[in-house]
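Enquirer: Here it is, the structure in full.
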Amino acid sequence: MQKAVKINLNGVSIYLLVIEPEMEQKYLETLTKKELSRYNSIQHTQKKTEFAASRFLKHEIFGNKEINYLEHGTPFLSDQAADH
């Protein structure tokens, strides 16, 4: 069972997820094609799990919105749903 916690602090919501390596298959089921491609390019096993879990949590909170990055690396959510 997933252990996610939501913390509200001064009007800001912070979500925490306990990453469970045995849940990786469930994490992978929520990845978009683009995310799966990026996942497959990651070499380090732990980093792969962290990537998949973070996208799983993103999906749980925001649905299929895609995470994009500005030129200097700042992430942001797109208004368009990502394609699966």
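Quick note on naming: the chains in the structure tokens go A, B, ... in the order shown, residues restart at 1 in each chain, and ligands are numbered from 1 in order of appearance.
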Name the residues in contact with stretch 54-66 of chain A at a cut-off of 10 Å, using only C-alpha atoms, excluding same-chain residues fewer than 3 positions from it; report them as a PyMOL selection string.

Expert: chain A and resi 2+4+15-17+19+24+26-32+34-35+48-51+69+75-84

Enquirer: Could you give me the residues within chain A that DSSP places in helix (DSSP H, G or I), as a short mmCIF file (atom, residue, chain, number, x, y, z; two decimals) with all heavy atoms, in the first residue's frame?

Expert:
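Dumped to out03.cif:
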```cif
data_model
loop_
_atom_site.label_atom_id
_atom_site.label_comp_id
_atom_site.auth_asym_id
_atom_site.auth_seq_id
_atom_site.Cartn_x
_atom_site.Cartn_y
_atom_site.Cartn_z
N PRO A 21 10.41 0.09 -3.58
CA PRO A 21 10.89 -0.53 -4.81
C PRO A 21 9.99 -1.64 -5.34
O PRO A 21 9.85 -1.81 -6.55
CB PRO A 21 12.27 -1.08 -4.42
CG PRO A 21 12.71 -0.18 -3.31
CD PRO A 21 11.44 0.14 -2.54
N GLU A 22 9.32 -2.37 -4.46
CA GLU A 22 8.44 -3.45 -4.92
C GLU A 22 7.18 -2.91 -5.61
O GLU A 22 6.44 -3.65 -6.24
CB GLU A 22 8.06 -4.38 -3.76
CG GLU A 22 7.27 -3.73 -2.65
CD GLU A 22 8.12 -3.03 -1.58
OE1 GLU A 22 9.34 -2.92 -1.73
OE2 GLU A 22 7.52 -2.59 -0.59
N MET A 23 6.95 -1.60 -5.53
CA MET A 23 5.79 -0.97 -6.18
C MET A 23 6.16 -0.39 -7.54
O MET A 23 5.34 0.24 -8.20
CB MET A 23 5.24 0.15 -5.29
CG MET A 23 4.67 -0.33 -3.97
SD MET A 23 3.16 -1.28 -4.18
CE MET A 23 2.07 -0.03 -4.80
N GLU A 24 7.38 -0.62 -7.98
CA GLU A 24 7.85 0.01 -9.22
C GLU A 24 6.95 -0.29 -10.41
O GLU A 24 6.69 0.58 -11.23
CB GLU A 24 9.29 -0.37 -9.52
CG GLU A 24 9.86 0.45 -10.64
CD GLU A 24 11.37 0.47 -10.66
OE1 GLU A 24 12.01 -0.14 -9.79
OE2 GLU A 24 11.90 1.12 -11.55
N GLN A 25 6.45 -1.52 -10.52
CA GLN A 25 5.57 -1.85 -11.65
C GLN A 25 4.32 -0.97 -11.63
O GLN A 25 3.89 -0.49 -12.67
CB GLN A 25 5.18 -3.33 -11.63
CG GLN A 25 4.39 -3.76 -12.85
CD GLN A 25 5.13 -3.49 -14.15
OE1 GLN A 25 6.31 -3.74 -14.29
NE2 GLN A 25 4.41 -2.96 -15.12
N LYS A 26 3.78 -0.71 -10.45
CA LYS A 26 2.61 0.17 -10.35
C LYS A 26 2.99 1.59 -10.76
O LYS A 26 2.23 2.27 -11.43
CB LYS A 26 2.05 0.16 -8.93
CG LYS A 26 0.80 1.00 -8.77
CD LYS A 26 0.15 0.83 -7.43
CE LYS A 26 -1.08 1.71 -7.38
NZ LYS A 26 -2.13 1.18 -6.57
N TYR A 27 4.18 2.04 -10.35
CA TYR A 27 4.66 3.37 -10.75
C TYR A 27 4.75 3.46 -12.27
O TYR A 27 4.34 4.45 -12.87
CB TYR A 27 6.03 3.67 -10.16
CG TYR A 27 6.15 3.64 -8.65
CD1 TYR A 27 7.36 3.35 -8.04
CD2 TYR A 27 5.06 3.91 -7.81
CE1 TYR A 27 7.50 3.33 -6.66
CE2 TYR A 27 5.19 3.88 -6.43
CZ TYR A 27 6.41 3.59 -5.86
OH TYR A 27 6.54 3.57 -4.49
N LEU A 28 5.30 2.41 -12.88
CA LEU A 28 5.51 2.42 -14.33
C LEU A 28 4.21 2.51 -15.12
O LEU A 28 4.18 3.07 -16.22
CB LEU A 28 6.30 1.18 -14.76
CG LEU A 28 7.74 1.11 -14.28
CD1 LEU A 28 8.36 -0.22 -14.66
CD2 LEU A 28 8.55 2.27 -14.83
N LYS A 33 4.36 8.06 -22.52
CA LYS A 33 5.37 7.55 -23.45
C LYS A 33 6.68 8.32 -23.29
O LYS A 33 7.76 7.72 -23.28
CB LYS A 33 4.87 7.66 -24.88
CG LYS A 33 3.76 6.71 -25.22
CD LYS A 33 3.26 6.92 -26.63
CE LYS A 33 2.05 6.06 -26.90
NZ LYS A 33 1.50 6.30 -28.23
N LYS A 34 6.58 9.61 -23.18
CA LYS A 34 7.77 10.46 -23.02
C LYS A 34 8.49 10.14 -21.70
O LYS A 34 9.71 10.04 -21.66
CB LYS A 34 7.35 11.93 -23.07
CG LYS A 34 8.49 12.91 -23.08
CD LYS A 34 7.94 14.33 -23.25
CE LYS A 34 9.03 15.36 -23.22
NZ LYS A 34 8.49 16.71 -23.38
N GLU A 35 7.72 9.98 -20.62
CA GLU A 35 8.31 9.66 -19.32
C GLU A 35 8.95 8.27 -19.33
O GLU A 35 10.02 8.07 -18.77
CB GLU A 35 7.25 9.75 -18.22
CG GLU A 35 6.79 11.16 -17.94
CD GLU A 35 5.57 11.24 -17.05
OE1 GLU A 35 4.83 10.23 -16.92
OE2 GLU A 35 5.34 12.32 -16.49
N LEU A 36 8.30 7.31 -20.00
CA LEU A 36 8.83 5.96 -20.08
C LEU A 36 10.16 5.95 -20.85
O LEU A 36 11.11 5.27 -20.46
CB LEU A 36 7.83 5.01 -20.74
CG LEU A 36 8.19 3.54 -20.73
CD1 LEU A 36 8.43 3.03 -19.31
CD2 LEU A 36 7.08 2.73 -21.39
N SER A 37 10.23 6.75 -21.90
CA SER A 37 11.48 6.87 -22.65
C SER A 37 12.59 7.43 -21.77
O SER A 37 13.72 6.92 -21.77
CB SER A 37 11.25 7.77 -23.86
OG SER A 37 12.46 7.96 -24.55
N ARG A 38 12.26 8.45 -21.00
CA ARG A 38 13.26 9.03 -20.09
C ARG A 38 13.64 8.02 -19.00
O ARG A 38 14.82 7.87 -18.67
CB ARG A 38 12.72 10.31 -19.45
CG ARG A 38 13.74 11.00 -18.60
CD ARG A 38 13.41 12.45 -18.38
NE ARG A 38 14.38 13.01 -17.47
CZ ARG A 38 14.14 14.01 -16.66
NH1 ARG A 38 12.96 14.59 -16.67
NH2 ARG A 38 15.06 14.47 -15.86
N TYR A 39 12.66 7.30 -18.46
CA TYR A 39 12.91 6.27 -17.46
C TYR A 39 13.90 5.24 -18.00
O TYR A 39 14.85 4.85 -17.32
CB TYR A 39 11.59 5.60 -17.07
CG TYR A 39 11.73 4.35 -16.24
CD1 TYR A 39 11.84 4.43 -14.86
CD2 TYR A 39 11.75 3.10 -16.83
CE1 TYR A 39 11.99 3.28 -14.09
CE2 TYR A 39 11.88 1.95 -16.08
CZ TYR A 39 12.00 2.04 -14.70
OH TYR A 39 12.15 0.90 -13.96
N ASN A 40 13.68 4.79 -19.23
CA ASN A 40 14.54 3.76 -19.83
C ASN A 40 15.95 4.26 -20.09
O ASN A 40 16.87 3.45 -20.23
CB ASN A 40 13.91 3.22 -21.11
CG ASN A 40 12.72 2.33 -20.82
OD1 ASN A 40 12.69 1.63 -19.82
ND2 ASN A 40 11.72 2.38 -21.69
N SER A 41 16.14 5.57 -20.16
CA SER A 41 17.48 6.11 -20.40
C SER A 41 18.30 6.26 -19.12
O SER A 41 19.50 6.49 -19.18
CB SER A 41 17.38 7.47 -21.11
OG SER A 41 16.92 8.48 -20.20
N THR A 45 19.77 2.11 -10.96
CA THR A 45 18.53 1.46 -10.54
C THR A 45 17.72 2.31 -9.56
O THR A 45 16.50 2.46 -9.71
CB THR A 45 18.84 0.09 -9.90
OG1 THR A 45 19.58 -0.68 -10.84
CG2 THR A 45 17.56 -0.65 -9.53
N GLN A 46 18.38 2.86 -8.55
CA GLN A 46 17.67 3.66 -7.54
C GLN A 46 17.10 4.93 -8.17
O GLN A 46 15.98 5.33 -7.87
CB GLN A 46 18.59 4.02 -6.38
CG GLN A 46 17.87 4.78 -5.28
CD GLN A 46 18.75 5.05 -4.07
OE1 GLN A 46 19.80 4.46 -3.91
NE2 GLN A 46 18.31 5.95 -3.22
N LYS A 47 17.85 5.56 -9.06
CA LYS A 47 17.36 6.78 -9.74
C LYS A 47 16.15 6.46 -10.61
O LYS A 47 15.22 7.26 -10.72
CB LYS A 47 18.47 7.42 -10.59
CG LYS A 47 19.64 7.92 -9.77
CD LYS A 47 19.24 9.10 -8.94
CE LYS A 47 20.44 9.64 -8.18
NZ LYS A 47 20.07 10.60 -7.17
N LYS A 48 16.15 5.29 -11.25
CA LYS A 48 15.00 4.88 -12.05
C LYS A 48 13.75 4.77 -11.18
O LYS A 48 12.67 5.26 -11.55
CB LYS A 48 15.27 3.53 -12.73
CG LYS A 48 16.24 3.58 -13.85
CD LYS A 48 16.46 2.22 -14.46
CE LYS A 48 15.49 2.04 -15.58
NZ LYS A 48 15.99 1.26 -16.69
N THR A 49 13.91 4.12 -10.02
CA THR A 49 12.78 3.97 -9.09
C THR A 49 12.30 5.32 -8.60
O THR A 49 11.09 5.58 -8.55
CB THR A 49 13.18 3.06 -7.91
OG1 THR A 49 13.61 1.80 -8.41
CG2 THR A 49 12.00 2.86 -6.96
N GLU A 50 13.23 6.21 -8.24
CA GLU A 50 12.86 7.55 -7.78
C GLU A 50 12.11 8.32 -8.87
O GLU A 50 11.11 8.98 -8.60
CB GLU A 50 14.11 8.33 -7.37
CG GLU A 50 14.76 7.80 -6.11
CD GLU A 50 16.13 8.40 -5.85
OE1 GLU A 50 16.62 9.21 -6.67
OE2 GLU A 50 16.71 8.06 -4.80
N PHE A 51 12.58 8.22 -10.11
CA PHE A 51 11.92 8.90 -11.22
C PHE A 51 10.49 8.39 -11.39
O PHE A 51 9.54 9.16 -11.48
CB PHE A 51 12.71 8.70 -12.52
CG PHE A 51 12.06 9.33 -13.71
CD1 PHE A 51 12.24 10.67 -13.99
CD2 PHE A 51 11.23 8.58 -14.55
CE1 PHE A 51 11.62 11.25 -15.10
CE2 PHE A 51 10.62 9.15 -15.64
CZ PHE A 51 10.81 10.50 -15.92
N ALA A 52 10.34 7.05 -11.43
CA ALA A 52 9.01 6.46 -11.62
C ALA A 52 8.08 6.82 -10.47
O ALA A 52 6.90 7.15 -10.69
CB ALA A 52 9.13 4.94 -11.76
N ALA A 53 8.58 6.79 -9.24
CA ALA A 53 7.75 7.11 -8.07
C ALA A 53 7.33 8.58 -8.08
O ALA A 53 6.18 8.90 -7.75
CB ALA A 53 8.50 6.78 -6.78
N SER A 54 8.24 9.46 -8.46
CA SER A 54 7.89 10.89 -8.48
C SER A 54 6.82 11.17 -9.54
O SER A 54 5.92 11.97 -9.32
CB SER A 54 9.12 11.76 -8.72
OG SER A 54 9.63 11.58 -10.02
N ARG A 55 6.90 10.47 -10.68
CA ARG A 55 5.88 10.66 -11.72
C ARG A 55 4.55 10.02 -11.29
O ARG A 55 3.49 10.53 -11.61
CB ARG A 55 6.35 10.08 -13.05
CG ARG A 55 7.52 10.82 -13.71
CD ARG A 55 7.52 12.30 -13.41
NE ARG A 55 8.48 13.06 -14.17
CZ ARG A 55 9.64 13.52 -13.69
NH1 ARG A 55 10.01 13.24 -12.46
NH2 ARG A 55 10.41 14.27 -14.44
N PHE A 56 4.61 8.94 -10.54
CA PHE A 56 3.40 8.32 -9.99
C PHE A 56 2.69 9.31 -9.07
O PHE A 56 1.48 9.52 -9.16
CB PHE A 56 3.77 7.05 -9.22
CG PHE A 56 2.63 6.45 -8.44
CD1 PHE A 56 1.70 5.63 -9.05
CD2 PHE A 56 2.49 6.72 -7.09
CE1 PHE A 56 0.65 5.09 -8.33
CE2 PHE A 56 1.44 6.17 -6.36
CZ PHE A 56 0.52 5.36 -6.98
N LEU A 57 3.45 9.95 -8.17
CA LEU A 57 2.88 10.92 -7.25
C LEU A 57 2.32 12.12 -8.02
O LEU A 57 1.22 12.59 -7.73
CB LEU A 57 3.92 11.38 -6.22
CG LEU A 57 3.42 12.34 -5.15
CD1 LEU A 57 2.28 11.72 -4.33
CD2 LEU A 57 4.57 12.73 -4.22
N LYS A 58 3.05 12.57 -9.03
CA LYS A 58 2.57 13.67 -9.88
C LYS A 58 1.23 13.29 -10.51
O LYS A 58 0.28 14.08 -10.52
CB LYS A 58 3.61 13.99 -10.96
CG LYS A 58 3.27 15.11 -11.92
CD LYS A 58 2.66 14.70 -13.24
CE LYS A 58 3.28 13.54 -13.94
NZ LYS A 58 2.54 13.16 -15.17
N HIS A 59 1.14 12.07 -11.00
CA HIS A 59 -0.10 11.60 -11.62
C HIS A 59 -1.24 11.55 -10.61
O HIS A 59 -2.37 11.93 -10.92
CB HIS A 59 0.13 10.22 -12.24
CG HIS A 59 -1.08 9.66 -12.90
ND1 HIS A 59 -1.52 10.08 -14.13
CD2 HIS A 59 -1.96 8.72 -12.49
CE1 HIS A 59 -2.62 9.43 -14.45
NE2 HIS A 59 -2.91 8.59 -13.47
N GLU A 60 -0.96 11.10 -9.41
CA GLU A 60 -1.98 11.03 -8.36
C GLU A 60 -2.51 12.42 -8.00
O GLU A 60 -3.68 12.58 -7.70
CB GLU A 60 -1.41 10.36 -7.10
CG GLU A 60 -1.12 8.88 -7.26
CD GLU A 60 -2.39 8.06 -7.44
OE1 GLU A 60 -3.28 8.15 -6.58
OE2 GLU A 60 -2.47 7.31 -8.44
N ILE A 61 -1.65 13.41 -8.02
CA ILE A 61 -2.02 14.76 -7.61
C ILE A 61 -2.60 15.58 -8.77
O ILE A 61 -3.62 16.24 -8.62
CB ILE A 61 -0.82 15.50 -7.01
CG1 ILE A 61 -0.30 14.77 -5.78
CG2 ILE A 61 -1.17 16.95 -6.66
CD1 ILE A 61 1.06 15.24 -5.32
N PHE A 62 -1.94 15.53 -9.93
CA PHE A 62 -2.28 16.42 -11.04
C PHE A 62 -2.83 15.72 -12.28
O PHE A 62 -3.08 16.37 -13.29
CB PHE A 62 -1.04 17.23 -11.46
CG PHE A 62 -0.46 18.06 -10.35
CD1 PHE A 62 0.73 17.70 -9.77
CD2 PHE A 62 -1.12 19.19 -9.88
CE1 PHE A 62 1.29 18.45 -8.74
CE2 PHE A 62 -0.58 19.94 -8.86
CZ PHE A 62 0.63 19.57 -8.29
#
```

Enquirer: Give me, as a ChimeraX atom specification, the residues of chain A that a backbone DSSP run labels strand (DSSP E or B).

Expert: /A:3-9,12-18,65-69,75-81

Enquirer: Work out how far atom CA of A:Asn68 is from atom CA of A:Glu20, in Å to one decimal.

Expert: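 Atom CA of A:Asn68 lies at a distance of 25.1 Å from atom CA of A:Glu20.
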
Enquirer: Record the distance separating atom CA of A:His44 and atom CA of A:Lys3, expressed in Å with one decimal.

Expert: 23.6 Å
